[in-house]
>>> print(open('run.tsv').read())   # TSV, C-alpha atoms and all ligand atoms
chain	number	residue	atom	x	y	z
C	6	MET	CA	0.00	0.00	0.00
C	7	LYS	CA	2.86	2.32	0.95
C	8	TYR	CA	4.68	1.61	-2.36
C	9	TYR	CA	1.44	2.08	-4.29
C	10	LYS	CA	1.03	5.59	-2.82
C	11	THR	CA	4.66	6.45	-3.63
C	12	ILE	CA	4.27	5.33	-7.24
C	13	VAL	CA	1.02	7.29	-7.69
C	14	THR	CA	2.70	10.42	-6.25
C	15	ALA	CA	5.71	9.98	-8.57
C	16	VAL	CA	3.50	9.64	-11.66
C	17	ILE	CA	1.48	12.75	-10.68
C	18	LEU	CA	4.74	14.72	-10.25
C	19	LEU	CA	5.98	13.55	-13.67
C	20	PHE	CA	2.77	14.71	-15.33
C	21	ALA	CA	2.87	18.01	-13.42
C	22	SER	CA	6.41	18.73	-14.69
C	23	SER	CA	5.41	18.35	-18.32
C	24	ILE	CA	2.56	20.89	-18.19
C	25	ASN	CA	4.57	23.65	-16.55
C	26	ALA	CA	5.22	25.85	-19.61
C	27	ALA	CA	5.01	29.57	-20.23
C	28	SER	CA	5.79	31.99	-23.03
C	29	VAL	CA	7.46	35.37	-22.57
C	30	ALA	CA	7.51	38.02	-25.32
C	31	ILE	CA	10.99	39.21	-26.41
C	32	ASN	CA	11.52	42.86	-27.33
C	33	PRO	CA	14.12	42.86	-30.17
C	34	THR	CA	15.22	46.42	-29.33
C	35	GLU	CA	16.46	45.32	-25.88
C	36	THR	CA	19.81	43.67	-25.23
C	37	PHE	CA	22.22	42.67	-22.45
C	38	LEU	CA	25.26	43.21	-24.69
C	39	LEU	CA	27.42	46.32	-24.83
C	40	THR	CA	25.82	48.59	-27.46
C	41	ASN	CA	28.08	51.65	-27.45
C	42	ASN	CA	26.17	54.58	-29.09
C	43	ASP	CA	23.15	52.46	-30.04
C	44	SER	CA	20.10	53.78	-28.14
C	45	ALA	CA	18.87	50.25	-27.32
C	46	ALA	CA	17.29	49.58	-23.92
C	47	GLY	CA	18.62	47.00	-21.46
C	48	THR	CA	17.00	43.55	-21.45
C	49	THR	CA	14.13	43.01	-19.01
C	50	PRO	CA	15.15	39.94	-16.96
C	51	ILE	CA	12.81	36.93	-16.64
C	52	LEU	CA	12.37	35.74	-13.04
C	53	LEU	CA	12.65	31.95	-13.34
C	54	ALA	CA	10.58	31.31	-10.19
C	55	ASP	CA	7.61	32.95	-11.95
C	56	HIS	CA	7.66	29.93	-14.27
C	57	GLY	CA	8.22	27.31	-11.56
C	58	ILE	CA	11.91	27.00	-12.50
C	59	LEU	CA	14.71	26.62	-9.93
C	60	ALA	CA	18.49	26.23	-10.08
C	61	GLY	CA	19.36	22.61	-10.87
C	62	ASP	CA	16.21	22.05	-12.97
C	63	ILE	CA	16.61	20.68	-16.49
C	64	ILE	CA	14.59	23.01	-18.70
C	65	ASP	CA	13.58	23.32	-22.36
C	66	LEU	CA	14.01	26.70	-24.06
C	67	GLU	CA	12.29	27.27	-27.41
C	68	ILE	CA	12.08	30.39	-29.59
C	69	PHE	CA	8.91	31.18	-31.52
C	70	GLY	CA	8.36	33.78	-34.23
C	71	GLY	CA	11.00	36.19	-35.43
C	72	TRP	CA	12.12	39.81	-35.70
C	73	ASN	CA	13.30	42.30	-38.29
C	74	PHE	CA	16.83	43.67	-37.88
C	75	GLY	CA	16.05	46.90	-39.68
C	76	VAL	CA	15.59	45.94	-43.33
C	77	ASN	CA	12.50	47.43	-44.97
C	78	GLY	CA	9.96	45.13	-46.54
C	79	HIS	CA	10.40	42.22	-44.14
C	80	ILE	CA	8.34	41.51	-41.04
C	81	ASP	CA	10.37	38.62	-39.65
C	82	PHE	CA	13.89	38.45	-41.00
C	83	THR	CA	15.47	36.14	-38.43
C	84	SER	CA	14.92	34.33	-35.13
C	85	ASN	CA	18.52	34.44	-33.90
C	86	THR	CA	18.52	34.84	-30.12
C	87	ILE	CA	21.05	34.84	-27.29
C	88	ALA	CA	20.52	34.35	-23.55
C	89	VAL	CA	22.39	34.33	-20.25
C	90	PHE	CA	21.48	33.15	-16.73
C	91	SER	CA	22.10	35.47	-13.79
C	92	SER	CA	21.97	35.46	-9.99
C	93	SER	CA	20.77	39.08	-10.07
C	94	SER	CA	18.30	41.20	-12.04
C	95	SER	CA	20.75	44.10	-12.35
C	96	ILE	CA	22.08	45.27	-15.70
C	97	LEU	CA	24.71	48.01	-16.08
C	98	LEU	CA	24.92	50.85	-18.60
C	99	SER	CA	25.08	50.07	-22.32
C	100	SER	CA	28.70	51.26	-22.43
C	101	THR	CA	29.76	48.37	-20.12
C	102	LEU	CA	31.04	45.06	-21.52
C	103	ASN	CA	29.98	42.75	-18.66
C	104	ARG	CA	26.59	44.40	-18.09
C	105	VAL	CA	24.86	41.41	-16.45
C	106	THR	CA	26.67	41.57	-13.12
C	107	GLY	CA	25.42	38.18	-11.87
C	108	ALA	CA	26.02	36.33	-15.17
C	109	ILE	CA	26.52	32.56	-14.76
C	110	ASP	CA	27.96	30.36	-17.49
C	111	ALA	CA	25.74	27.74	-19.14
C	112	GLY	CA	25.55	26.05	-22.52
C	113	THR	CA	27.96	26.70	-25.39
C	114	ASP	CA	29.37	30.23	-25.64
C	115	ILE	CA	28.18	32.33	-28.58
C	116	ILE	CA	30.69	34.82	-29.98
C	117	SER	CA	28.37	37.83	-30.27
C	118	HIS	CA	28.56	40.44	-33.07
C	119	ALA	CA	30.73	43.55	-32.68
C	120	THR	CA	28.88	46.86	-32.19
C	121	PHE	CA	27.58	48.69	-35.28
C	122	PHE	CA	29.25	51.91	-34.08
C	123	ASP	CA	33.05	51.63	-33.71
C	124	ASP	CA	33.16	47.83	-34.14
C	125	LEU	CA	33.72	47.11	-30.43
C	126	SER	CA	33.74	43.52	-29.13
C	127	THR	CA	30.53	42.66	-27.23
C	128	ASP	CA	31.52	39.11	-26.34
C	129	ILE	CA	30.95	37.78	-22.81
C	130	ALA	CA	31.82	34.23	-21.78
C	131	GLU	CA	28.54	33.17	-20.13
C	132	ASP	CA	25.93	33.52	-22.90
C	133	PHE	CA	24.56	30.91	-25.32
C	134	PHE	CA	22.63	30.81	-28.62
C	135	LEU	CA	19.02	29.90	-29.41
C	136	SER	CA	17.44	29.49	-32.83
C	137	ALA	CA	13.82	29.03	-33.83
C	138	GLY	CA	12.54	25.51	-34.27
C	139	ALA	CA	15.18	23.90	-32.04
C	140	ILE	CA	14.56	23.16	-28.38
C	141	LEU	CA	17.60	23.74	-26.18
C	142	THR	CA	17.55	21.43	-23.14
C	143	ILE	CA	19.80	22.93	-20.49
C	144	MET	CA	20.41	22.69	-16.73
C	145	VAL	CA	19.75	25.90	-14.80
C	146	PRO	CA	23.15	26.59	-13.14
C	147	ASP	CA	23.65	26.95	-9.36
C	148	ASN	CA	22.49	30.32	-7.98
C	149	ALA	CA	20.68	31.30	-11.18
C	150	LEU	CA	17.44	33.21	-10.50
C	151	TYR	CA	17.00	35.13	-13.77
C	152	LEU	CA	17.31	34.60	-17.52
C	153	PHE	CA	18.20	37.52	-19.82
C	154	VAL	CA	17.09	36.95	-23.43
C	155	SER	CA	18.02	39.15	-26.40
C	156	ALA	CA	17.88	39.18	-30.16
C	157	HIS	CA	21.36	38.55	-31.63
C	158	ASP	CA	22.34	41.71	-33.51
C	159	SER	CA	24.95	44.49	-33.75
C	160	LEU	CA	22.50	47.46	-33.89
C	161	TYR	CA	19.35	47.13	-31.79
C	162	GLN	CA	17.67	50.54	-32.06
C	163	ASP	CA	16.27	49.79	-35.55
C	164	ASN	CA	14.84	46.34	-34.73
C	165	SER	CA	11.13	45.55	-34.73
C	166	ASP	CA	8.57	42.78	-34.31
C	167	LEU	CA	5.58	44.21	-36.18
C	168	ASN	CA	3.48	41.05	-35.93
C	169	GLY	CA	4.34	40.61	-32.23
C	170	ASN	CA	5.11	36.90	-32.47
C	171	TYR	CA	8.70	36.86	-31.14
C	172	LYS	CA	8.80	34.97	-27.84
C	173	ILE	CA	10.54	32.31	-25.76
C	174	ASN	CA	8.90	29.30	-24.17
C	175	LEU	CA	10.32	28.12	-20.83
C	176	SER	CA	9.35	24.75	-19.37
C	177	VAL	CA	10.76	22.19	-16.97
C	178	SER	CA	11.94	19.40	-19.27
C	179	SER	CA	9.35	16.64	-19.50
C	180	VAL	CA	10.56	13.12	-18.70
C	181	PRO	CA	8.88	10.47	-20.89
C	182	VAL	CA	6.40	9.03	-18.37
C	183	PRO	CA	6.45	5.31	-19.34
C	184	ALA	CA	10.28	5.15	-19.30
C	185	ALA	CA	10.51	6.95	-15.96
C	186	PHE	CA	7.74	4.78	-14.53
C	187	TRP	CA	9.49	1.53	-15.49
C	188	LEU	CA	12.86	2.76	-14.24
C	189	PHE	CA	11.24	3.72	-10.96
C	190	GLY	CA	9.41	0.40	-10.78
C	191	SER	CA	12.47	-1.75	-11.52
C	192	GLY	CA	14.41	0.31	-8.97
C	193	LEU	CA	11.82	-0.56	-6.34
C	194	ILE	CA	11.92	-4.27	-7.26
C	195	GLY	CA	15.73	-4.16	-7.08
C	196	PHE	CA	15.55	-2.48	-3.69
C	197	VAL	CA	13.09	-5.03	-2.31
C	198	GLY	CA	15.22	-7.88	-3.75
C	199	LEU	CA	18.37	-6.47	-2.14
C	200	SER	CA	16.67	-6.11	1.24
C	201	LYS	CA	15.52	-9.73	1.13
C	202	LYS	CA	19.00	-10.91	0.14
C	203	LYS	CA	20.55	-8.99	3.02
C	204	LEU	CA	18.06	-10.54	5.46
C	205	TRP	CA	18.82	-14.02	4.07
C	206	HIS	CA	22.57	-13.60	4.59
C	207	SER	CA	22.40	-11.95	8.01
S	1	CA	CA	7.78	38.84	-35.58
S	2	CA	CA	19.29	45.95	-36.20
S	3	CA	CA	29.80	35.12	-25.69
>>> encode(input="run.tsv", output="structure tokens", more="lines below")
Ligand SMILES: [Ca+2]
Ligand SMILES: [Ca+2]
Ligand SMILES: [Ca+2]
Amino acid sequence: MKYYKTIVTAVILLFASSINAASVAINPTETFLLTNNDSAAGTTPILLADHGILAGDIIDLEIFGGWNFGVNGHIDFTSNTIAVFSSSSSILLSSTLNRVTGAIDAGTDIISHATFFDDLSTDIAEDFFLSAGAILTIMVPDNALYLFVSAHDSLYQDNSDLNGNYKINLSVSSVPVPAAFWLFGSGLIGFVGLSKKKLWHS
């Protein structure tokens, strides 16, 4: 009876984890990179706890829609996106290279574009790349409380999202329920078997 209750609880938790998803709109004129004389605004950080996400969680990040980097006649020109985890919501002035003061490394580093004005390097070590149509499964690093998300560009002030479809989906990664159930079940059987064996030999 005790095991039955445990298994039922585990299955409910597995289902709960797969429905915990939320979308957040991305403003393509905001960035966490150094922008020099570009009049772009700083990225608005996403509080991970608002989406039920904690440090150590394995999460899925997915980009939807796209943005225009300033070329007339196109609504959505690209979906290229960069992101960085942080322990803090603070972001420094646009003339600062390491603007996200609590930046924490995760994923594979993206070498970001130089600034449009003066060709200055914008590259920080902690960020990673996201593209539309590909889900990035990633572990939220220790102490991370926020995610900063930005279009990947060199000049942000002329960007737009006229059809308002550019967004990121954040969700705790869903474990395939049957596989997890059987692993859990065989683990229990193994545990019971081991206990019996120990009793037999003692
Ligand atoms: Ca768009
Ligand atoms: Ca642009
Ligand atoms: Ca980088």
>>> closest_residue(input="run.tsv", among="C:Asn103, C:Ser176, C:Ser165, C:Ser91", to="ligand CA 3 (chain S)", atoms="all atoms listed in the file")
C:Asn103
>>> residues_near_point(input="run.tsv", point="(16.3, 22.8, -23.4)", cutoff="7 Å", atoms="all atoms listed in the file", output="list of chain:residue names")
C:Ile64, C:Asp65, C:Leu66, C:Ile140, C:Leu141, C:Thr142, C:Ile143, C:Ser178
>>> closest_residue(input="run.tsv", among="C:Leu135, C:Val145, C:Ile58, C:Leu152", to="Phe37 of chain C", atoms="all atoms listed in the file")
C:Leu152
>>> residues_near_ligand(input="run.tsv", ligand="ligand CA 1 (chain S)", cutoff="9 Å", atoms="only C-alpha atoms and all ligand atoms", output="PyMOL selection string")
chain C and resi 69-73+80-84+165-172
>>> atom_distance(input="run.tsv", atom1="atom CA of Asn174 of chain C", atom2="atom CA of Ser93 of chain C")
20.9 Å
>>> atom_distance(input="run.tsv", atom1="atom CA of Ser126 of chain C", atom2="atom CA of Ser92 of chain C")
23.9 Å
>>> closest_atom_pairs(input="run.tsv", of="chain C", to="ligand CA 3 (chain S)", cutoff="10 Å", atoms="all atoms listed in the file", output="JSON lines")
{"residue": "C:Leu38", "atom": "CA", "partner": "S:CA3", "partner_atom": "CA", "distance": 9.3}
{"residue": "C:Ile87", "atom": "CA", "partner": "S:CA3", "partner_atom": "CA", "distance": 8.9}
{"residue": "C:Ala88", "atom": "CA", "partner": "S:CA3", "partner_atom": "CA", "distance": 9.6}
{"residue": "C:Val89", "atom": "CA", "partner": "S:CA3", "partner_atom": "CA", "distance": 9.2}
{"residue": "C:Asp110", "atom": "CA", "partner": "S:CA3", "partner_atom": "CA", "distance": 9.7}
{"residue": "C:Thr113", "atom": "CA", "partner": "S:CA3", "partner_atom": "CA", "distance": 8.6}
{"residue": "C:Asp114", "atom": "CA", "partner": "S:CA3", "partner_atom": "CA", "distance": 4.9}
{"residue": "C:Ile115", "atom": "CA", "partner": "S:CA3", "partner_atom": "CA", "distance": 4.3}
{"residue": "C:Ile116", "atom": "CA", "partner": "S:CA3", "partner_atom": "CA", "distance": 4.4}
{"residue": "C:Ser117", "atom": "CA", "partner": "S:CA3", "partner_atom": "CA", "distance": 5.5}
{"residue": "C:His118", "atom": "CA", "partner": "S:CA3", "partner_atom": "CA", "distance": 9.2}
{"residue": "C:Ser126", "atom": "CA", "partner": "S:CA3", "partner_atom": "CA", "distance": 9.9}
{"residue": "C:Thr127", "atom": "CA", "partner": "S:CA3", "partner_atom": "CA", "distance": 7.7}
{"residue": "C:Asp128", "atom": "CA", "partner": "S:CA3", "partner_atom": "CA", "distance": 4.4}
{"residue": "C:Ile129", "atom": "CA", "partner": "S:CA3", "partner_atom": "CA", "distance": 4.1}
{"residue": "C:Ala130", "atom": "CA", "partner": "S:CA3", "partner_atom": "CA", "distance": 4.5}
{"residue": "C:Glu131", "atom": "CA", "partner": "S:CA3", "partner_atom": "CA", "distance": 6.0}
{"residue": "C:Asp132", "atom": "CA", "partner": "S:CA3", "partner_atom": "CA", "distance": 5.0}
{"residue": "C:Phe133", "atom": "CA", "partner": "S:CA3", "partner_atom": "CA", "distance": 6.7}
{"residue": "C:Phe134", "atom": "CA", "partner": "S:CA3", "partner_atom": "CA", "distance": 8.9}
>>> residues_around(input="run.tsv", residues="segment 48-51 of chain C", least_positions_apart="3", cutoff="12 Å", atoms="all atoms listed in the file", output="VMD selection string")
chain C and resid 27 to 40 45 54 to 58 87 to 99 104 to 105 107 to 108 149 to 156 161 173 to 175
>>> write_last_selection(input="run.tsv", atoms="C-alpha atoms", output="CSV table (one decimal), in the coordinates of the input")
chain,number,residue,atom,x,y,z
C,27,ALA,CA,5.0,29.6,-20.2
C,28,SER,CA,5.8,32.0,-23.0
C,29,VAL,CA,7.5,35.4,-22.6
C,30,ALA,CA,7.5,38.0,-25.3
C,31,ILE,CA,11.0,39.2,-26.4
C,32,ASN,CA,11.5,42.9,-27.3
C,33,PRO,CA,14.1,42.9,-30.2
C,34,THR,CA,15.2,46.4,-29.3
C,35,GLU,CA,16.5,45.3,-25.9
C,36,THR,CA,19.8,43.7,-25.2
C,37,PHE,CA,22.2,42.7,-22.4
C,38,LEU,CA,25.3,43.2,-24.7
C,39,LEU,CA,27.4,46.3,-24.8
C,40,THR,CA,25.8,48.6,-27.5
C,45,ALA,CA,18.9,50.2,-27.3
C,54,ALA,CA,10.6,31.3,-10.2
C,55,ASP,CA,7.6,33.0,-12.0
C,56,HIS,CA,7.7,29.9,-14.3
C,57,GLY,CA,8.2,27.3,-11.6
C,58,ILE,CA,11.9,27.0,-12.5
C,87,ILE,CA,21.0,34.8,-27.3
C,88,ALA,CA,20.5,34.4,-23.6
C,89,VAL,CA,22.4,34.3,-20.2
C,90,PHE,CA,21.5,33.2,-16.7
C,91,SER,CA,22.1,35.5,-13.8
C,92,SER,CA,22.0,35.5,-10.0
C,93,SER,CA,20.8,39.1,-10.1
C,94,SER,CA,18.3,41.2,-12.0
C,95,SER,CA,20.8,44.1,-12.4
C,96,ILE,CA,22.1,45.3,-15.7
C,97,LEU,CA,24.7,48.0,-16.1
C,98,LEU,CA,24.9,50.8,-18.6
C,99,SER,CA,25.1,50.1,-22.3
C,104,ARG,CA,26.6,44.4,-18.1
C,105,VAL,CA,24.9,41.4,-16.4
C,107,GLY,CA,25.4,38.2,-11.9
C,108,ALA,CA,26.0,36.3,-15.2
C,149,ALA,CA,20.7,31.3,-11.2
C,150,LEU,CA,17.4,33.2,-10.5
C,151,TYR,CA,17.0,35.1,-13.8
C,152,LEU,CA,17.3,34.6,-17.5
C,153,PHE,CA,18.2,37.5,-19.8
C,154,VAL,CA,17.1,37.0,-23.4
C,155,SER,CA,18.0,39.2,-26.4
C,156,ALA,CA,17.9,39.2,-30.2
C,161,TYR,CA,19.4,47.1,-31.8
C,173,ILE,CA,10.5,32.3,-25.8
C,174,ASN,CA,8.9,29.3,-24.2
C,175,LEU,CA,10.3,28.1,-20.8
>>> residues_near_ligand(input="run.tsv", ligand="ligand CA 2 (chain S)", cutoff="7 Å", atoms="all atoms listed in the file", output="ChimeraX atom specification")
/C:74-75,158-164
>>> write_last_selection(input="run.tsv", atoms="C-alpha atoms", output="PDB file, in the coordinates of the input")
ATOM      1  CA  PHE C  74      16.830  43.670 -37.880  1.00  0.00           C
ATOM      2  CA  GLY C  75      16.050  46.900 -39.680  1.00  0.00           C
ATOM      3  CA  ASP C 158      22.340  41.710 -33.510  1.00  0.00           C
ATOM      4  CA  SER C 159      24.950  44.490 -33.750  1.00  0.00           C
ATOM      5  CA  LEU C 160      22.500  47.460 -33.890  1.00  0.00           C
ATOM      6  CA  TYR C 161      19.350  47.130 -31.790  1.00  0.00           C
ATOM      7  CA  GLN C 162      17.670  50.540 -32.060  1.00  0.00           C
ATOM      8  CA  ASP C 163      16.270  49.790 -35.550  1.00  0.00           C
ATOM      9  CA  ASN C 164      14.840  46.340 -34.730  1.00  0.00           C
TER      10      ASN C 164
END
>>> atom_distance(input="run.tsv", atom1="atom CA of Ala60 of chain C", atom2="atom CA of Pro146 of chain C")
5.6 Å
